[in-house]
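File shown: upload.pdb. Contents: PDB, C-alpha atoms.
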```pdb
ATOM      1  CA  MET A  22     -26.625   6.092  -1.501
ATOM      2  CA  SER A  23     -24.064   8.520  -2.890
ATOM      3  CA  ASP A  24     -20.897   8.366  -4.960
ATOM      4  CA  GLN A  25     -17.758  10.175  -3.925
ATOM      5  CA  VAL A  26     -14.446  10.550  -5.712
ATOM      6  CA  LEU A  27     -11.441  10.331  -3.420
ATOM      7  CA  ASP A  28      -7.911  11.518  -3.978
ATOM      8  CA  GLY A  29      -6.606   7.972  -4.291
ATOM      9  CA  PRO A  30      -2.995   6.780  -4.251
ATOM     10  CA  HIS A  31      -3.052   6.281  -8.040
ATOM     11  CA  GLY A  32      -5.458   9.017  -9.083
ATOM     12  CA  PRO A  33      -9.202   9.565  -8.609
ATOM     13  CA  LEU A  34     -10.910   6.711  -6.776
ATOM     14  CA  ARG A  35     -14.690   6.350  -6.735
ATOM     15  CA  VAL A  36     -16.468   4.895  -3.746
ATOM     16  CA  ARG A  37     -20.192   4.427  -3.212
ATOM     17  CA  VAL A  38     -21.557   5.126   0.254
ATOM     18  CA  TYR A  39     -24.651   3.386   1.624
ATOM     19  CA  GLU A  40     -26.004   4.994   4.793
ATOM     20  CA  PRO A  41     -28.698   3.101   6.717
ATOM     21  CA  GLU A  42     -31.928   4.696   7.845
ATOM     22  CA  ASN A  43     -31.280   3.326  11.332
ATOM     23  CA  PRO A  44     -27.498   3.217  11.814
ATOM     24  CA  ALA A  45     -26.298   0.707  14.382
ATOM     25  CA  GLY A  46     -22.751   2.077  14.659
ATOM     26  CA  PRO A  47     -20.344  -0.091  12.647
ATOM     27  CA  GLY A  48     -19.105   0.478   9.115
ATOM     28  CA  LEU A  49     -17.807  -1.841   6.419
ATOM     29  CA  VAL A  50     -15.536  -1.197   3.465
ATOM     30  CA  TRP A  51     -16.636  -3.729   0.831
ATOM     31  CA  VAL A  52     -14.840  -4.973  -2.303
ATOM     32  CA  HIS A  53     -16.552  -6.853  -5.152
ATOM     33  CA  GLY A  54     -14.977  -9.754  -7.026
ATOM     34  CA  GLY A  55     -14.369 -10.510 -10.669
ATOM     35  CA  GLY A  56     -10.983 -12.182 -11.014
ATOM     36  CA  PHE A  57      -9.235  -8.796 -10.531
ATOM     37  CA  LEU A  58     -10.163  -7.871 -14.125
ATOM     38  CA  ALA A  59     -13.965  -7.688 -14.115
ATOM     39  CA  GLY A  60     -16.925  -6.706 -11.967
ATOM     40  CA  GLU A  61     -18.189  -3.275 -10.966
ATOM     41  CA  ILE A  62     -20.043  -1.569  -8.135
ATOM     42  CA  ASP A  63     -23.453  -1.977  -9.762
ATOM     43  CA  MET A  64     -23.268  -5.788  -9.772
ATOM     44  CA  PRO A  65     -25.300  -7.608  -7.078
ATOM     45  CA  GLU A  66     -22.125  -8.755  -5.315
ATOM     46  CA  ALA A  67     -21.432  -5.063  -4.703
ATOM     47  CA  ASP A  68     -24.751  -3.184  -4.777
ATOM     48  CA  TRP A  69     -27.180  -5.788  -3.408
ATOM     49  CA  VAL A  70     -24.674  -6.806  -0.741
ATOM     50  CA  ALA A  71     -24.113  -3.192   0.316
ATOM     51  CA  ARG A  72     -27.848  -2.464   0.418
ATOM     52  CA  SER A  73     -28.421  -5.605   2.457
ATOM     53  CA  PHE A  74     -25.839  -4.592   5.047
ATOM     54  CA  ALA A  75     -27.256  -1.051   5.158
ATOM     55  CA  ASP A  76     -30.724  -2.527   5.764
ATOM     56  CA  ARG A  77     -29.211  -4.129   8.863
ATOM     57  CA  GLY A  78     -27.822  -0.824  10.156
ATOM     58  CA  ILE A  79     -24.267  -1.007   8.777
ATOM     59  CA  VAL A  80     -22.712   1.894   6.852
ATOM     60  CA  VAL A  81     -21.039   0.537   3.711
ATOM     61  CA  VAL A  82     -18.330   2.046   1.515
ATOM     62  CA  SER A  83     -18.141   0.056  -1.737
ATOM     63  CA  VAL A  84     -14.858   0.499  -3.611
ATOM     64  CA  ASP A  85     -14.706   0.981  -7.393
ATOM     65  CA  TYR A  86     -11.075  -0.115  -7.632
ATOM     66  CA  ALA A  87      -9.016  -0.144 -10.834
ATOM     67  CA  LEU A  88      -9.146  -3.413 -12.770
ATOM     68  CA  ALA A  89      -6.398  -5.563 -14.260
ATOM     69  CA  PRO A  90      -6.107  -5.884 -18.053
ATOM     70  CA  PHE A  91      -8.610  -7.931 -20.041
ATOM     71  CA  PRO A  92      -6.269  -9.660 -22.513
ATOM     72  CA  GLN A  93      -7.145 -10.128 -26.174
ATOM     73  CA  ALA A  94      -7.273 -13.921 -25.955
ATOM     74  CA  TRP A  95      -9.736 -13.821 -23.049
ATOM     75  CA  ALA A  96     -11.803 -11.141 -24.750
ATOM     76  CA  ALA A  97     -12.102 -13.255 -27.894
ATOM     77  CA  ALA A  98     -13.184 -16.291 -25.877
ATOM     78  CA  SER A  99     -15.778 -14.426 -23.820
ATOM     79  CA  GLY A 100     -17.087 -11.957 -26.362
ATOM     80  CA  ALA A 101     -16.150  -9.072 -24.056
ATOM     81  CA  PRO A 102     -13.977  -6.227 -25.357
ATOM     82  CA  GLU A 103     -10.226  -6.240 -24.837
ATOM     83  CA  ARG A 104      -9.219  -3.659 -22.243
ATOM     84  CA  ASP A 105      -6.038  -2.185 -20.827
ATOM     85  CA  GLY A 106      -5.718  -2.175 -17.089
ATOM     86  CA  VAL A 107      -3.401  -1.953 -14.128
ATOM     87  CA  HIS A 108      -1.360  -4.444 -12.150
ATOM     88  CA  TYR A 109      -0.666  -4.970  -8.463
ATOM     89  CA  PRO A 110      -0.299  -2.968  -6.231
ATOM     90  CA  VAL A 111      -2.777  -0.431  -7.647
ATOM     91  CA  ALA A 112      -6.080  -2.055  -6.628
ATOM     92  CA  SER A 113      -4.676  -3.270  -3.311
ATOM     93  CA  GLU A 114      -3.465   0.199  -2.372
ATOM     94  CA  GLU A 115      -6.774   1.732  -3.473
ATOM     95  CA  VAL A 116      -8.680  -0.568  -1.127
ATOM     96  CA  GLU A 117      -6.351   0.355   1.730
ATOM     97  CA  ALA A 118      -6.815   4.057   0.942
ATOM     98  CA  ALA A 119     -10.593   3.662   0.903
ATOM     99  CA  PHE A 120     -10.462   2.026   4.322
ATOM    100  CA  ARG A 121      -8.308   4.821   5.745
ATOM    101  CA  TRP A 122     -10.708   7.385   4.292
ATOM    102  CA  ALA A 123     -13.726   5.621   5.775
ATOM    103  CA  VAL A 124     -12.169   5.458   9.239
ATOM    104  CA  ASP A 125     -11.371   9.180   9.113
ATOM    105  CA  SER A 126     -14.840  10.092   7.845
ATOM    106  CA  ASP A 127     -17.859  10.893   9.966
ATOM    107  CA  LEU A 128     -19.989   8.304   8.206
ATOM    108  CA  ALA A 129     -20.197   5.863  11.115
ATOM    109  CA  ARG A 130     -19.511   5.789  14.812
ATOM    110  CA  GLY A 131     -17.497   2.669  14.116
ATOM    111  CA  PRO A 132     -15.666   0.464  14.412
ATOM    112  CA  TRP A 133     -14.889  -0.270  10.772
ATOM    113  CA  SER A 134     -14.505  -3.702   9.199
ATOM    114  CA  ILE A 135     -13.129  -4.579   5.766
ATOM    115  CA  GLY A 136     -14.339  -7.331   3.474
ATOM    116  CA  GLY A 137     -14.911  -8.608   0.007
ATOM    117  CA  ALA A 138     -15.912 -11.488  -2.208
ATOM    118  CA  SER A 139     -13.680 -13.730  -4.345
ATOM    119  CA  ALA A 140     -10.866 -11.528  -5.738
ATOM    120  CA  GLY A 141     -12.331  -8.739  -3.619
ATOM    121  CA  GLY A 142     -11.695 -10.955  -0.602
ATOM    122  CA  ASN A 143      -8.058 -11.104  -1.656
ATOM    123  CA  LEU A 144      -7.889  -7.311  -1.923
ATOM    124  CA  ALA A 145      -9.563  -6.864   1.456
ATOM    125  CA  ALA A 146      -7.306  -9.432   3.140
ATOM    126  CA  GLY A 147      -4.182  -7.936   1.565
ATOM    127  CA  ALA A 148      -5.132  -4.442   2.705
ATOM    128  CA  ALA A 149      -5.910  -5.706   6.216
ATOM    129  CA  LEU A 150      -2.550  -7.472   6.342
ATOM    130  CA  ARG A 151      -0.677  -4.348   5.226
ATOM    131  CA  LEU A 152      -2.534  -2.227   7.763
ATOM    132  CA  SER A 153      -1.724  -4.741  10.501
ATOM    133  CA  HIS A 154       1.984  -4.407   9.723
ATOM    134  CA  GLY A 155       1.972  -0.624  10.070
ATOM    135  CA  ALA A 156       0.564   1.903  12.455
ATOM    136  CA  GLY A 157      -2.975   1.007  11.425
ATOM    137  CA  PRO A 158      -5.818   1.594  11.597
ATOM    138  CA  VAL A 159      -6.409  -2.153  11.777
ATOM    139  CA  PRO A 160      -9.926  -3.286  10.822
ATOM    140  CA  ALA A 161     -12.104  -4.611  13.607
ATOM    141  CA  LEU A 162     -13.057  -7.602  11.457
ATOM    142  CA  ALA A 163     -12.175  -9.155   8.098
ATOM    143  CA  VAL A 164     -15.297 -10.308   6.233
ATOM    144  CA  LEU A 165     -14.367 -12.778   3.499
ATOM    145  CA  ALA A 166     -16.789 -14.417   1.061
ATOM    146  CA  TYR A 167     -15.372 -17.336  -0.967
ATOM    147  CA  PRO A 168     -11.985 -15.596  -1.237
ATOM    148  CA  THR A 169      -9.027 -16.449  -3.437
ATOM    149  CA  LEU A 170      -5.877 -16.072  -1.368
ATOM    150  CA  HIS A 171      -3.298 -18.296  -3.102
ATOM    151  CA  ALA A 172      -1.800 -17.914  -6.562
ATOM    152  CA  VAL A 173      -0.493 -21.470  -6.296
ATOM    153  CA  GLN A 174      -3.566 -23.307  -5.108
ATOM    154  CA  GLY A 175      -3.635 -26.759  -3.611
ATOM    155  CA  HIS A 176      -5.816 -29.601  -4.846
ATOM    156  CA  PRO A 177      -9.237 -30.430  -3.401
ATOM    157  CA  ASP A 178      -9.842 -33.385  -1.140
ATOM    158  CA  ALA A 179     -11.743 -36.404  -2.416
ATOM    159  CA  ALA A 180     -15.165 -35.147  -1.300
ATOM    160  CA  LEU A 181     -14.805 -31.754  -2.978
ATOM    161  CA  ARG A 182     -13.293 -33.359  -6.079
ATOM    162  CA  ALA A 183     -16.313 -35.650  -6.344
ATOM    163  CA  ALA A 184     -18.710 -32.719  -5.935
ATOM    164  CA  LEU A 185     -16.928 -30.782  -8.670
ATOM    165  CA  ASP A 186     -16.931 -33.798 -10.982
ATOM    166  CA  ALA A 187     -20.684 -34.122 -10.441
ATOM    167  CA  ASP A 188     -21.206 -30.433 -11.322
ATOM    168  CA  PRO A 189     -18.802 -29.601 -14.177
ATOM    169  CA  ASP A 190     -20.199 -26.076 -14.617
ATOM    170  CA  ALA A 191     -18.931 -25.252 -11.132
ATOM    171  CA  ASP A 192     -15.461 -26.630 -11.816
ATOM    172  CA  THR A 193     -13.813 -23.412 -13.016
ATOM    173  CA  PHE A 194     -11.155 -22.502 -10.441
ATOM    174  CA  GLY A 195      -8.542 -25.218 -10.595
ATOM    175  CA  PRO A 196      -4.853 -24.505  -9.946
ATOM    176  CA  GLU A 197      -3.936 -23.598 -13.532
ATOM    177  CA  PRO A 198      -6.753 -21.086 -14.195
ATOM    178  CA  VAL A 199      -6.055 -19.523 -10.806
ATOM    179  CA  ARG A 200      -2.339 -19.156 -11.558
ATOM    180  CA  VAL A 201      -3.120 -17.517 -14.911
ATOM    181  CA  MET A 202      -5.563 -15.139 -13.195
ATOM    182  CA  TYR A 203      -2.879 -14.066 -10.727
ATOM    183  CA  GLU A 204      -0.235 -13.668 -13.413
ATOM    184  CA  ASN A 205      -2.566 -11.275 -15.210
ATOM    185  CA  TYR A 206      -3.210  -9.373 -11.965
ATOM    186  CA  LEU A 207       0.449  -9.244 -10.987
ATOM    187  CA  GLY A 208       1.831  -8.584 -14.452
ATOM    188  CA  GLY A 209       4.527 -11.149 -13.797
ATOM    189  CA  PRO A 210       5.343 -14.507 -12.201
ATOM    190  CA  VAL A 211       3.529 -15.544  -9.061
ATOM    191  CA  GLU A 212       6.680 -16.820  -7.367
ATOM    192  CA  SER A 213       7.944 -13.286  -6.649
ATOM    193  CA  ALA A 214       4.611 -11.881  -5.426
ATOM    194  CA  GLU A 215       4.406  -9.995  -2.139
ATOM    195  CA  ILE A 216       2.287 -11.414   0.669
ATOM    196  CA  TYR A 217      -0.087  -8.460   0.309
ATOM    197  CA  ALA A 218      -0.885  -9.643  -3.219
ATOM    198  CA  VAL A 219      -1.177 -13.282  -2.161
ATOM    199  CA  PRO A 220      -2.199 -13.174   1.526
ATOM    200  CA  GLY A 221      -2.442 -16.960   1.742
ATOM    201  CA  THR A 222       1.354 -17.151   1.669
ATOM    202  CA  ALA A 223       1.752 -15.108   4.864
ATOM    203  CA  SER A 224       3.435 -16.871   7.780
ATOM    204  CA  SER A 225       2.019 -17.200  11.280
ATOM    205  CA  ALA A 226       4.294 -14.401  12.442
ATOM    206  CA  GLN A 227       3.136 -12.169   9.602
ATOM    207  CA  LEU A 228      -0.490 -12.890  10.516
ATOM    208  CA  SER A 229      -0.074 -12.238  14.234
ATOM    209  CA  ARG A 230      -1.949  -8.898  14.147
ATOM    210  CA  PHE A 231      -4.441  -9.835  11.447
ATOM    211  CA  PRO A 232      -7.968  -8.904  12.509
ATOM    212  CA  SER A 233     -10.606 -11.327  13.690
ATOM    213  CA  THR A 234     -12.099 -12.967  10.630
ATOM    214  CA  ILE A 235     -15.372 -14.403   9.441
ATOM    215  CA  MET A 236     -15.162 -16.412   6.219
ATOM    216  CA  ILE A 237     -17.954 -18.135   4.307
ATOM    217  CA  ASN A 238     -16.901 -20.409   1.454
ATOM    218  CA  ASP A 239     -19.020 -21.948  -1.279
ATOM    219  CA  GLU A 240     -19.783 -25.666  -1.126
ATOM    220  CA  VAL A 241     -18.995 -26.662  -4.727
ATOM    221  CA  ASP A 242     -16.075 -24.342  -5.438
ATOM    222  CA  GLU A 243     -12.408 -25.231  -5.784
ATOM    223  CA  LEU A 244     -11.485 -21.868  -4.240
ATOM    224  CA  ARG A 245     -12.647 -23.449  -0.984
ATOM    225  CA  VAL A 246      -9.175 -25.012  -0.938
ATOM    226  CA  SER A 247      -7.633 -21.553  -0.710
ATOM    227  CA  GLY A 248     -10.067 -20.240   1.882
ATOM    228  CA  GLU A 249      -9.704 -23.255   4.132
ATOM    229  CA  ALA A 250      -5.895 -23.181   3.871
ATOM    230  CA  PHE A 251      -5.873 -19.517   4.862
ATOM    231  CA  GLY A 252      -8.211 -20.332   7.721
ATOM    232  CA  ALA A 253      -5.716 -22.912   8.986
ATOM    233  CA  SER A 254      -2.944 -20.310   8.816
ATOM    234  CA  LEU A 255      -5.047 -17.818  10.757
ATOM    235  CA  ARG A 256      -5.752 -20.395  13.448
ATOM    236  CA  SER A 257      -2.037 -21.196  13.696
ATOM    237  CA  ALA A 258      -1.389 -17.496  14.195
ATOM    238  CA  GLY A 259      -3.963 -17.331  17.003
ATOM    239  CA  VAL A 260      -6.417 -15.180  15.043
ATOM    240  CA  ASP A 261     -10.067 -15.424  16.068
ATOM    241  CA  LEU A 262     -11.762 -17.195  13.148
ATOM    242  CA  ASP A 263     -15.343 -18.071  12.240
ATOM    243  CA  ILE A 264     -15.215 -20.171   9.063
ATOM    244  CA  SER A 265     -18.069 -22.048   7.436
ATOM    245  CA  THR A 266     -19.378 -23.353   4.117
ATOM    246  CA  GLU A 267     -22.702 -22.185   2.716
ATOM    247  CA  PRO A 268     -24.638 -25.345   1.740
ATOM    248  CA  GLY A 269     -25.847 -25.763  -1.805
ATOM    249  CA  THR A 270     -23.747 -22.995  -3.316
ATOM    250  CA  ARG A 271     -21.388 -22.606  -6.245
ATOM    251  CA  HIS A 272     -18.772 -19.885  -6.465
ATOM    252  CA  GLY A 273     -20.204 -16.374  -6.293
ATOM    253  CA  HIS A 274     -23.507 -16.937  -4.538
ATOM    254  CA  LEU A 275     -23.658 -13.328  -3.272
ATOM    255  CA  ASN A 276     -24.043 -12.334  -6.913
ATOM    256  CA  SER A 277     -27.338 -14.283  -6.951
ATOM    257  CA  PRO A 278     -29.598 -12.542  -4.415
ATOM    258  CA  GLU A 279     -32.425 -14.957  -5.182
ATOM    259  CA  HIS A 280     -30.380 -17.875  -3.811
ATOM    260  CA  PRO A 281     -31.367 -18.579  -0.187
ATOM    261  CA  GLY A 282     -27.708 -18.931   0.692
ATOM    262  CA  ALA A 283     -27.080 -15.282  -0.193
ATOM    263  CA  THR A 284     -29.355 -13.896   2.504
ATOM    264  CA  ALA A 285     -28.194 -16.549   4.973
ATOM    265  CA  SER A 286     -24.584 -15.446   4.456
ATOM    266  CA  ILE A 287     -25.463 -11.757   4.784
ATOM    267  CA  ASP A 288     -27.246 -12.466   8.057
ATOM    268  CA  ARG A 289     -24.202 -14.246   9.515
ATOM    269  CA  PHE A 290     -21.774 -11.622   8.264
ATOM    270  CA  ALA A 291     -23.952  -8.784   9.564
ATOM    271  CA  ALA A 292     -24.279 -10.325  13.015
ATOM    272  CA  ARG A 293     -20.502 -10.422  13.386
ATOM    273  CA  ILE A 294     -20.036  -6.900  12.013
ATOM    274  CA  LEU A 295     -22.676  -5.509  14.358
ATOM    275  CA  ALA A 296     -21.043  -7.283  17.297
ATOM    276  CA  THR A 297     -17.816  -5.311  16.747
ATOM    277  CA  SER A 298     -19.586  -2.374  18.359
ATOM    278  CA  PRO A 299     -19.922  -2.588  22.167
ATOM    279  CA  GLU A 300     -23.450  -1.204  21.984
ATOM    280  CA  ASN A 301     -24.521  -4.232  19.932
ATOM    281  CA  LYS A 302     -22.732  -7.035  21.750
ATOM    282  CA  GLU A 303     -25.810  -8.138  23.634
ATOM    283  CA  GLN A 304     -27.827  -8.487  20.445
ATOM    284  CA  PRO A 305     -28.065 -11.945  18.805
TER     285      PRO A 305
END
```

Structure re-expressed in structure tokens:
Amino acid sequence: MSDQVLDGPHGPLRVRVYEPENPAGPGLVWVHGGGFLAGEIDMPEADWVARSFADRGIVVVSVDYALAPFPQAWAAASGAPERDGVHYPVASEEVEAAFRWAVDSDLARGPWSIGGASAGGNLAAGAALRLSHGAGPVPALAVLAYPTLHAVQGHPDAALRAALDADPDADTFGPEPVRVMYENYLGGPVESAEIYAVPGTASSAQLSRFPSTIMINDEVDELRVSGEAFGASLRSAGVDLDISTEPGTRHGHLNSPEHPGATASIDRFAARILATSPENKEQP
């Protein structure tokens, strides 16, 4: 494991590189979550996840992207300190830059995938979408864990609503909190946001070159609404999609390595990442 500071699009950008003892070929650029305004590369959702992928032969570049502001009202409610921050497109462009750097590096034989969890899934998907609209490089695979992809989120179906009602502590990502989270990230109204900031709003035509995707959502998590809606859009666009729900999980299960669902998700993600390399396609 080593830290490197890149010449990022908005100033110095730290990434943490995890190189496996027995590299299998592919690499992954990984982005932690935290509502765009929290989280860091030492949290389990970043560090444990990266180590777990490296243990399976995958080179990982974990991105220490710039965070959105932590407003005074939220700081007072949480006990955390108020903090200035940045708005879109800073973090999104940093993730894209980290992916370009990884592809140009000699860290892995490749190919390279991009992925993230929760808000990190948004940043990864937005960067993949932007790359797919240009000259590339386009990631071999998008790896999305319980992502948020819509600033204006739909309502859950009856079964999910009942599960959330039965577990009130898990009921934290309804439409209004999600909208407020995006407004803080964007620094303005959600209605004028670009598709790269809110990838769930992309049309089928705009998703036509989006990479093959594996998505694992949490079972009792209202953000499942966003992930499943984006999955439907990807299918409509003809994108290869593997989407599932990890049983018995609340939002953020990759941040709880002791939960059996965390390792189960890593195993499924890793299998798909490894299969992006021709030399691994015959492996289960």

Problem set entry | Residue members of the PyMOL selection byres ((chain A and resi 202-213) around 10) in the file shown, as number ranges by chain | A: 56-58, 88-92, 106-112, 140, 169, 171-173, 194, 196-201, 214-216, 218-219

Identify all residues satisfying the PyMOL selection byres ((chain A and resi 228) around 12) in the given file; provide them as an mmCIF file with C-alpha atoms, keeping the file's coordinate frame.
```cif
data_model
loop_
_atom_site.group_PDB
_atom_site.id
_atom_site.type_symbol
_atom_site.label_atom_id
_atom_site.label_comp_id
_atom_site.auth_asym_id
_atom_site.auth_seq_id
_atom_site.Cartn_x
_atom_site.Cartn_y
_atom_site.Cartn_z
ATOM 1 C CA ALA A 146 -7.306 -9.432 3.140
ATOM 2 C CA GLY A 147 -4.182 -7.936 1.565
ATOM 3 C CA ALA A 149 -5.910 -5.706 6.216
ATOM 4 C CA LEU A 150 -2.550 -7.472 6.342
ATOM 5 C CA ARG A 151 -0.677 -4.348 5.226
ATOM 6 C CA LEU A 152 -2.534 -2.227 7.763
ATOM 7 C CA SER A 153 -1.724 -4.741 10.501
ATOM 8 C CA HIS A 154 1.984 -4.407 9.723
ATOM 9 C CA ILE A 216 2.287 -11.414 0.669
ATOM 10 C CA TYR A 217 -0.087 -8.460 0.309
ATOM 11 C CA PRO A 220 -2.199 -13.174 1.526
ATOM 12 C CA GLY A 221 -2.442 -16.960 1.742
ATOM 13 C CA THR A 222 1.354 -17.151 1.669
ATOM 14 C CA ALA A 223 1.752 -15.108 4.864
ATOM 15 C CA SER A 224 3.435 -16.871 7.780
ATOM 16 C CA SER A 225 2.019 -17.200 11.280
ATOM 17 C CA ALA A 226 4.294 -14.401 12.442
ATOM 18 C CA GLN A 227 3.136 -12.169 9.602
ATOM 19 C CA SER A 229 -0.074 -12.238 14.234
ATOM 20 C CA ARG A 230 -1.949 -8.898 14.147
ATOM 21 C CA PHE A 231 -4.441 -9.835 11.447
ATOM 22 C CA PRO A 232 -7.968 -8.904 12.509
ATOM 23 C CA SER A 233 -10.606 -11.327 13.690
ATOM 24 C CA THR A 234 -12.099 -12.967 10.630
ATOM 25 C CA PHE A 251 -5.873 -19.517 4.862
ATOM 26 C CA GLY A 252 -8.211 -20.332 7.721
ATOM 27 C CA ALA A 253 -5.716 -22.912 8.986
ATOM 28 C CA SER A 254 -2.944 -20.310 8.816
ATOM 29 C CA LEU A 255 -5.047 -17.818 10.757
ATOM 30 C CA ARG A 256 -5.752 -20.395 13.448
ATOM 31 C CA SER A 257 -2.037 -21.196 13.696
ATOM 32 C CA ALA A 258 -1.389 -17.496 14.195
ATOM 33 C CA GLY A 259 -3.963 -17.331 17.003
ATOM 34 C CA VAL A 260 -6.417 -15.180 15.043
ATOM 35 C CA ASP A 261 -10.067 -15.424 16.068
#
```

As lines of an AutoDock Vina configuration file, what would the box around range 230-249 of chain A look like: edges along x, y and z, 3 Å added on every side, centre and edge lengths in Å to one decimal?
```
center_x = -10.9
center_y = -17.8
center_z = 4.2
size_x = 23.8
size_y = 23.8
size_z = 25.9
```

Exercise. What does the distance between CA of Leu128 in chain A and CA of Val80 in chain A come to in Å, to one decimal place?
Worked result: 7.1 Å

Problem set entry | Distance in Å - CA of Leu275 in chain A versus CA of Pro65 in chain A |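 Computed distance, CA of Leu275 in chain A to CA of Pro65 in chain A, equals 7.1 Å.
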
For this session: Return as a list in words the set of residues that the PyMOL selection byres ((chain A and resi 77) around 8) yields on the displayed structure.
Result: Pro41, Ala45, Ser73, Phe74, Ala75, Asp76, Gly78, Ile79 and Ala291 of chain A

Exercise. So how far away is CA of Ser134 in chain A from CA of Ala119 in chain A, in Å?
Worked result: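 That distance, rounded to one decimal, is 11.8 Å.
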
Exercise. Which residue out of A:Asn43, A:Ser247, A:Thr297, A:Asn238 has the minimum interatomic distance to Gly282 in chain A when all atoms listed in the file are used?
Worked result: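 Among A:Asn43, A:Ser247, A:Thr297, A:Asn238, it is A:Asn238 that comes nearest to Gly282 in chain A.
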